[in-house]
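Novice: Sending over structure_26.txt (compact mmCIF, C-alpha atoms).
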```txt
# COMPACT_ATOMS: atom_id res chain seq x y z
CA MET F 18 101.68 104.71 75.35
CA ASN F 19 98.10 104.95 76.49
CA THR F 20 98.09 102.07 78.89
CA VAL F 21 99.02 102.57 82.52
CA PRO F 22 102.78 102.08 83.02
CA PRO F 23 103.52 99.26 85.51
CA THR F 24 105.37 101.67 87.81
CA LEU F 25 102.35 103.94 88.03
CA ASP F 26 100.06 100.98 88.61
CA ALA F 27 102.31 99.75 91.43
CA ARG F 28 102.52 103.25 92.89
CA PHE F 29 98.74 103.56 93.06
CA ARG F 30 98.31 100.12 94.62
CA ALA F 31 100.92 100.90 97.27
CA GLU F 32 99.50 104.34 98.01
CA ALA F 33 95.95 102.98 98.35
CA ALA F 34 97.17 100.64 101.08
CA ALA F 35 99.44 103.24 102.71
CA GLU F 36 96.51 105.63 103.08
CA GLY F 37 94.51 102.90 104.80
CA LEU F 38 91.80 102.97 102.14
CA LEU F 39 91.49 99.22 101.59
CA ASP F 40 89.12 96.77 103.21
CA VAL F 41 91.34 93.94 102.01
CA ALA F 42 94.72 93.96 100.25
CA TYR F 43 95.63 90.72 98.53
CA ASP F 44 98.27 89.08 96.40
CA VAL F 45 99.05 85.68 94.97
CA LEU F 46 102.30 84.21 96.30
CA GLU F 47 104.42 81.43 94.92
CA SER F 48 105.29 78.68 97.35
CA PRO F 49 106.76 75.16 97.22
CA VAL F 50 103.26 73.77 97.73
CA GLY F 51 101.72 75.82 94.93
CA ASP F 52 100.41 79.34 94.52
CA LEU F 53 98.67 80.83 97.52
CA PHE F 54 96.05 83.55 97.56
CA VAL F 55 96.74 85.73 100.60
CA GLY F 56 94.53 88.55 101.86
CA VAL F 57 95.06 91.01 104.70
CA SER F 58 92.50 93.34 106.28
CA ASP F 59 93.25 96.20 108.64
CA ARG F 60 93.05 93.67 111.47
CA GLY F 61 95.36 91.09 109.97
CA LEU F 62 95.56 88.02 107.78
CA CYS F 63 92.03 87.15 106.68
CA VAL F 64 92.47 84.59 103.94
CA ILE F 65 95.15 82.19 102.78
CA SER F 66 94.02 79.74 100.16
CA TYR F 67 95.04 77.45 97.34
CA ASP F 68 92.14 78.83 95.35
CA THR F 69 93.95 81.54 93.40
CA ASP F 70 91.02 82.62 91.23
CA ALA F 71 91.47 86.25 92.17
CA GLU F 72 88.14 87.37 90.75
CA ASP F 73 86.16 84.84 92.80
CA GLN F 74 88.18 85.54 95.89
CA ALA F 75 87.81 89.30 95.50
CA GLU F 76 84.04 88.95 95.16
CA ARG F 77 83.84 86.88 98.29
CA LEU F 78 86.09 89.21 100.27
CA ALA F 79 84.09 92.22 99.09
CA ARG F 80 80.90 90.61 100.40
CA GLY F 81 82.52 89.84 103.73
CA PHE F 82 84.71 92.86 104.41
CA GLY F 83 83.64 95.67 102.08
CA SER F 84 84.01 96.52 98.40
CA ARG F 85 87.47 98.07 98.61
CA VAL F 86 89.40 94.93 97.75
CA LEU F 87 92.57 95.52 95.75
CA ARG F 88 95.67 93.58 94.79
CA SER F 89 98.39 95.37 96.69
CA PRO F 90 101.59 93.48 97.54
CA ARG F 91 103.00 95.66 100.29
CA PRO F 92 100.60 94.78 103.14
CA ILE F 93 101.21 91.10 102.34
CA GLU F 94 104.98 91.41 102.86
CA PRO F 95 105.14 90.18 106.50
CA THR F 96 103.04 87.10 105.63
CA LYS F 97 105.14 86.48 102.56
CA ARG F 98 108.35 86.70 104.55
CA GLN F 99 107.16 84.32 107.26
CA LEU F 100 105.81 81.82 104.75
CA HIS F 101 109.15 81.92 103.00
CA GLU F 102 110.99 81.26 106.27
CA TYR F 103 108.53 78.47 107.06
CA PHE F 104 109.08 76.73 103.77
CA GLU F 105 112.83 77.07 104.21
CA GLY F 106 112.47 75.30 107.52
CA LYS F 107 113.56 78.33 109.53
CA ARG F 108 110.21 78.91 111.17
CA ARG F 109 107.73 76.67 112.93
CA ARG F 110 105.21 79.16 114.26
CA PHE F 111 103.63 82.13 112.60
CA ASP F 112 103.67 85.45 114.30
CA LEU F 113 100.94 87.37 112.50
CA ASP F 114 97.82 89.26 113.37
CA VAL F 115 94.77 87.42 112.08
CA ASP F 116 91.27 88.54 111.22
CA LEU F 117 88.86 85.68 111.86
CA ARG F 118 85.68 87.47 110.84
CA LEU F 119 85.20 85.28 107.78
CA SER F 120 87.09 82.25 108.93
CA ARG F 121 84.05 80.02 109.33
CA ASP F 122 83.36 79.90 105.62
CA SER F 123 86.80 80.71 104.30
CA ALA F 124 89.86 78.70 103.51
CA VAL F 125 91.72 80.22 106.43
CA SER F 126 92.38 77.50 108.88
CA CYS F 127 93.65 78.94 112.08
CA SER F 128 93.95 76.89 115.17
CA ARG F 129 94.49 78.99 118.19
CA SER F 130 96.69 77.12 120.56
CA SER F 131 96.36 78.05 124.20
CA ALA F 132 100.00 79.03 124.27
CA ALA F 133 99.46 81.36 121.37
CA SER F 134 96.43 82.88 123.05
CA ARG F 135 98.32 83.36 126.29
CA SER F 136 101.15 85.09 124.55
CA ALA F 137 98.63 87.24 122.71
CA ARG F 138 96.97 88.25 125.98
CA SER F 139 100.20 88.98 127.71
CA ARG F 140 101.72 90.95 124.89
CA ARG F 141 98.72 92.79 123.58
CA THR F 142 96.39 93.34 126.46
CA ALA F 143 94.77 96.26 124.71
CA HIS F 144 93.60 94.11 121.80
CA SER F 145 90.41 92.13 122.09
CA LEU F 146 91.16 90.15 118.95
CA PRO F 147 93.50 87.19 118.97
CA ALA F 148 96.83 88.59 117.96
CA ARG F 149 98.58 85.31 117.35
CA ALA F 150 97.58 82.21 115.52
CA SER F 151 99.26 79.04 114.46
CA LEU F 152 98.58 77.88 110.97
CA GLY F 153 98.55 74.17 110.41
CA PRO F 154 101.49 72.56 108.65
CA PRO F 155 101.35 72.60 104.86
CA VAL F 156 100.09 69.51 103.07
CA ARG F 157 103.52 68.43 101.91
CA SER F 158 105.18 68.33 105.31
CA GLU F 159 102.15 66.44 106.61
CA ARG F 160 102.92 63.68 104.14
CA SER F 161 106.66 63.59 104.72
CA MET Z 25 73.27 97.15 90.25
CA ARG Z 26 75.78 95.70 92.67
CA ILE Z 27 79.09 97.45 93.23
CA PRO Z 28 81.99 95.26 92.04
CA PRO Z 29 85.16 94.81 94.12
CA PHE Z 30 87.41 97.83 93.59
CA GLU Z 31 89.97 95.62 91.82
CA SER Z 32 87.53 94.86 88.97
CA PHE Z 33 86.46 98.48 88.71
CA TYR Z 34 90.10 99.60 88.63
CA GLU Z 35 91.16 97.00 86.06
CA GLN Z 36 88.26 97.88 83.77
CA ASN Z 37 88.85 101.61 83.90
CA LYS Z 38 92.53 102.28 84.49
CA ASP Z 39 93.64 102.26 80.84
CA PRO Z 40 90.79 104.38 79.44
CA VAL Z 41 91.17 106.88 82.28
CA PHE Z 42 94.93 107.05 81.78
CA ALA Z 43 94.56 107.53 78.01
CA HIS Z 44 92.00 110.26 78.66
CA LEU Z 45 94.23 112.07 81.15
CA ARG Z 46 97.18 111.82 78.78
CA ARG Z 47 95.20 113.50 76.06
CA LEU Z 48 94.19 116.23 78.47
CA LEU Z 49 97.36 116.77 80.45
CA GLY Z 50 100.25 115.12 78.64
CA ASP Z 51 103.05 114.44 81.09
CA GLY Z 52 100.99 115.62 84.05
CA ALA Z 53 98.75 112.60 83.60
CA GLU Z 54 100.52 110.32 86.08
CA ASP Z 55 99.81 112.35 89.21
CA ALA Z 56 96.28 113.05 88.05
CA PHE Z 57 95.76 109.33 87.45
CA GLN Z 58 96.79 108.41 90.96
CA GLU Z 59 94.68 111.19 92.43
CA THR Z 60 91.67 110.11 90.37
CA PHE Z 61 91.70 106.55 91.64
CA LEU Z 62 92.51 107.52 95.22
CA ARG Z 63 89.54 109.86 95.16
CA ALA Z 64 87.40 107.11 93.67
CA LEU Z 65 88.60 104.73 96.36
CA ARG Z 66 87.67 107.18 99.12
CA ALA Z 67 84.18 107.62 97.73
CA TYR Z 68 83.69 103.97 96.77
CA PRO Z 69 81.91 102.78 99.94
CA ARG Z 70 79.29 105.49 99.49
CA LEU Z 71 78.31 104.38 95.97
CA LYS Z 72 74.80 103.07 95.73
CA ASP Z 73 74.73 101.84 92.15
CA GLY Z 74 77.30 100.09 89.97
CA ARG Z 75 75.75 101.07 86.64
CA HIS Z 76 77.61 104.23 85.68
CA LEU Z 77 81.04 103.64 87.10
CA ARG Z 78 82.83 104.57 83.86
CA ALA Z 79 81.07 107.93 83.65
CA TRP Z 80 81.61 108.44 87.35
CA VAL Z 81 85.38 107.93 87.23
CA PHE Z 82 85.67 110.02 84.06
CA THR Z 83 83.94 112.84 85.89
CA ILE Z 84 86.40 112.58 88.75
CA ALA Z 85 89.30 112.53 86.26
CA GLY Z 86 87.79 115.54 84.50
CA ARG Z 87 87.58 117.57 87.70
CA ILE Z 88 91.14 116.73 88.58
CA ALA Z 89 92.31 117.60 85.08
CA ILE Z 90 90.54 120.95 85.31
CA ASP Z 91 92.25 121.66 88.63
CA GLU Z 92 95.60 120.70 87.12
CA ALA Z 93 95.03 122.91 84.10
CA ARG Z 94 94.09 125.80 86.41
CA LYS Z 95 97.33 125.35 88.30
CA GLN Z 96 99.19 125.52 85.02
CA ARG Z 97 97.36 128.68 84.00
CA PRO Z 98 96.49 130.99 86.89
CA ARG Z 99 92.90 132.09 87.15
CA GLY Z 100 92.25 135.43 85.51
CA ALA Z 101 94.94 135.08 82.91
CA MET Z 102 93.56 135.86 79.48
CA PRO Z 103 93.21 132.83 77.31
CA GLU Z 104 95.39 133.32 74.26
CA LEU Z 105 93.65 130.92 72.03
CA ALA Z 106 95.87 131.33 69.01
CA ALA Z 107 98.93 130.38 70.98
CA GLU Z 108 97.29 127.39 72.61
CA ASP Z 109 96.49 125.05 69.82
CA GLY Z 110 97.84 122.20 71.87
CA LEU Z 111 95.53 122.79 74.81
CA PRO Z 112 92.85 120.17 75.34
CA PRO Z 113 89.29 121.42 74.76
CA HIS Z 114 88.32 121.08 78.41
CA ALA Z 115 91.23 123.29 79.48
CA GLU Z 116 89.89 126.05 77.25
CA LEU Z 117 86.37 125.47 78.44
CA GLY Z 118 87.35 125.46 82.10
CA PRO Z 119 88.09 129.18 82.45
CA LEU Z 120 85.48 130.19 79.85
CA THR Z 121 82.68 128.50 81.76
CA ASP Z 122 83.72 129.76 85.17
CA GLU Z 123 80.61 131.82 85.70
CA LEU Z 124 78.00 129.33 84.59
CA PRO Z 125 75.76 127.66 87.19
CA PRO Z 126 77.52 124.46 88.34
CA LYS Z 127 75.23 122.00 86.60
CA GLU Z 128 75.31 123.81 83.27
CA ARG Z 129 79.04 124.20 83.54
CA ALA Z 130 79.54 120.51 84.21
CA ALA Z 131 77.25 119.58 81.32
CA VAL Z 132 79.03 121.92 78.90
CA VAL Z 133 82.50 120.75 79.94
CA LEU Z 134 81.59 117.06 79.84
CA ARG Z 135 79.83 117.39 76.50
CA TYR Z 136 82.14 119.70 74.60
CA GLY Z 137 85.35 119.34 76.55
CA PHE Z 138 85.32 115.61 77.15
CA ASP Z 139 82.98 114.57 74.37
CA LEU Z 140 80.91 112.34 76.64
CA PRO Z 141 77.52 111.17 75.38
CA TYR Z 142 74.46 112.56 77.13
CA ASP Z 143 73.55 109.35 78.93
CA GLU Z 144 76.95 109.33 80.65
CA ILE Z 145 76.68 113.03 81.45
CA ALA Z 146 73.26 112.37 82.93
CA ALA Z 147 74.75 109.61 85.07
CA ALA Z 148 77.57 111.87 86.17
CA LEU Z 149 75.17 114.66 87.10
CA GLY Z 150 72.63 112.34 88.67
CA SER Z 151 69.90 113.63 86.38
CA SER Z 152 67.90 112.46 83.37
CA GLU Z 153 69.32 112.50 79.87
CA ASP Z 154 66.88 115.25 78.92
CA ALA Z 155 67.96 117.37 81.85
CA ALA Z 156 71.62 116.88 80.90
CA ARG Z 157 70.90 117.89 77.30
CA GLN Z 158 68.98 120.92 78.51
CA ALA Z 159 71.72 121.96 80.94
CA ALA Z 160 74.33 121.76 78.19
CA SER Z 161 72.25 123.76 75.71
CA SER Z 162 71.25 126.47 78.16
CA GLY Z 163 74.89 126.67 79.24
CA VAL Z 164 75.95 127.20 75.64
CA ARG Z 165 73.18 129.80 75.17
CA ARG Z 166 74.37 131.64 78.24
CA LEU Z 167 77.96 131.61 76.94
CA ARG Z 168 76.80 133.01 73.59
CA GLU Z 169 74.88 135.79 75.26
CA ARG Z 170 77.80 136.61 77.43
CA SER Z 171 80.20 136.73 74.50
CA LYS Z 172 77.92 139.28 72.79
CA GLN Z 173 78.25 141.64 75.70
CA PRO Z 174 81.02 144.24 75.33
```
Since I need it in another form, could you write the structure as structure tokens?

Specialist:
Amino acid sequence: MNTVPPTLDARFRAEAAAEGLLDVAYDVLESPVGDLFVGVSDRGLCVISYDTDAEDQAERLARGFGSRVLRSPRPIEPTKRQLHEYFEGKRRRFDLDVDLRLSRDSAVSCSRSSAASRSARSRRTAHSLPARASLGPPVRSERS
Amino acid sequence: MRIPPFESFYEQNKDPVFAHLRRLLGDGAEDAFQETFLRALRAYPRLKDGRHLRAWVFTIAGRIAIDEARKQRPRGAMPELAAEDGLPPHAELGPLTDELPPKERAAVVLRYGFDLPYDEIAAALGSSEDAARQAASSGVRRLRERSKQP
């Protein structure tokens, strides 16, 4: 009775993201290659990692992006959908905004192909940040 | 002390804050809960110290609860104490302490309405424990004097 009902908890987490109050929204997603920790900043995908220790990850993200790091599934939806399509074999390239500010020391591995960069420039001339990135193939398909 | 990621702060405080708001507001607690943590989230980047986060968020919740209680009972309405046994202490204190200086009012409401210990009140007010104790007692003195007046 005196603990926060799950619906209220979910409502707050969604509202926090909707009001643009988060430095990073994250969630842990299930995938055929294991659970993935996925984080999104206001600029785009900023972390995707097999390390799903949320406390550690949140600490690191808070140091890099700001203290307002919160688990909030809604901003992760586009990434989740595309990962799902990818693992179903319906997608080869990811079409997501990415935030590379922490990428040097993070588990994000984004290789920017020239084609992707060109399409980013042509489609989003107003953005200085790379708007498209290709993520490498998952470990399993590498082996197969 | 370092400020933790908001997730940790939220997880550590959400249940106590919710329980507190339920005691104060009953069914109105859900909206007040969301408003409390949204307000905390807005102010979070400006925090300098992670030591008194529990007292801090309880203070925010308290202010929101007072506003809610005011909405439920318009300002100026006479408190009918006998008929309001179910009202939380802070809701009675809110209107009664209206005319106190802000710091004394906050100290009185936090101490006697919310039953917070003086060290947490001090943290909430940004003052020493002695100053918090003093503010509460001079607030109470002022209320007594005022109640003696016709």

Novice: What's around Val133 of chain Z at 12 Å? Count only C-alpha atoms, leave out sequence neighbours fewer than 6 positions away in its own chain, and write the answer as a PyMOL selection string.

Specialist: chain Z and resi 82-83+86-87+89-90+112-122+124+126-127+139-142+145+148-149+156+159-161+163-164

Novice: Using only C-alpha atoms, find the one residue out of F:Ser120, F:Thr20, F:Ser66, F:Ser84 that sits nearest to Asp44 of chain F.

Specialist: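 Under the stated criterion, the closest residue is F:Ser66.
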
Novice: Please report as JSON lines every residue of chain F lying within 7 Å of chain Z, along with the nearest atom pair and their distance in Å (one decimal), using all atoms listed in the file.

Specialist:
```
{"residue": "F:Asn19", "atom": "CA", "partner": "Z:Ala43", "partner_atom": "CA", "distance": 4.6}
{"residue": "F:Thr20", "atom": "CA", "partner": "Z:Asp39", "partner_atom": "CA", "distance": 4.9}
{"residue": "F:Val21", "atom": "CA", "partner": "Z:Asp39", "partner_atom": "CA", "distance": 5.6}
{"residue": "F:Leu25", "atom": "CA", "partner": "Z:Glu54", "partner_atom": "CA", "distance": 6.9}
{"residue": "F:Phe29", "atom": "CA", "partner": "Z:Gln58", "partner_atom": "CA", "distance": 5.6}
{"residue": "F:Ala33", "atom": "CA", "partner": "Z:Leu62", "partner_atom": "CA", "distance": 6.5}
{"residue": "F:Leu38", "atom": "CA", "partner": "Z:Arg66", "partner_atom": "CA", "distance": 6.6}
{"residue": "F:Ala75", "atom": "CA", "partner": "Z:Pro29", "partner_atom": "CA", "distance": 6.3}
{"residue": "F:Glu76", "atom": "CA", "partner": "Z:Pro29", "partner_atom": "CA", "distance": 6.1}
{"residue": "F:Ala79", "atom": "CA", "partner": "Z:Pro29", "partner_atom": "CA", "distance": 5.7}
{"residue": "F:Ser84", "atom": "CA", "partner": "Z:Pro29", "partner_atom": "CA", "distance": 4.8}
{"residue": "F:Arg85", "atom": "CA", "partner": "Z:Phe30", "partner_atom": "CA", "distance": 5.0}
{"residue": "F:Val86", "atom": "CA", "partner": "Z:Phe30", "partner_atom": "CA", "distance": 5.4}
{"residue": "F:Leu87", "atom": "CA", "partner": "Z:Glu31", "partner_atom": "CA", "distance": 4.7}
{"residue": "F:Arg88", "atom": "CA", "partner": "Z:Glu31", "partner_atom": "CA", "distance": 6.7}
```

Novice: So how far away is atom CA of Leu71 of chain Z from atom CA of Ile93 of chain F, in Å?

Specialist: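 For atom CA of Ile93 of chain F relative to atom CA of Leu71 of chain Z, the distance reads 27.2 Å.
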
Novice: May I ask for the distance between atom CA of Leu119 of chain F and atom CA of Leu78 of chain F, given in Å to one decimal place?

Specialist: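 Atom-to-atom, atom CA of Leu119 of chain F and atom CA of Leu78 of chain F are spaced 8.5 Å apart.
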
Novice: Have a look at atom CA of Val41 of chain F and atom CA of Phe82 of chain F and let me know their distance in Å, one decimal.

Specialist: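 About the pair atom CA of Val41 of chain F and atom CA of Phe82 of chain F: they are 7.1 Å apart.
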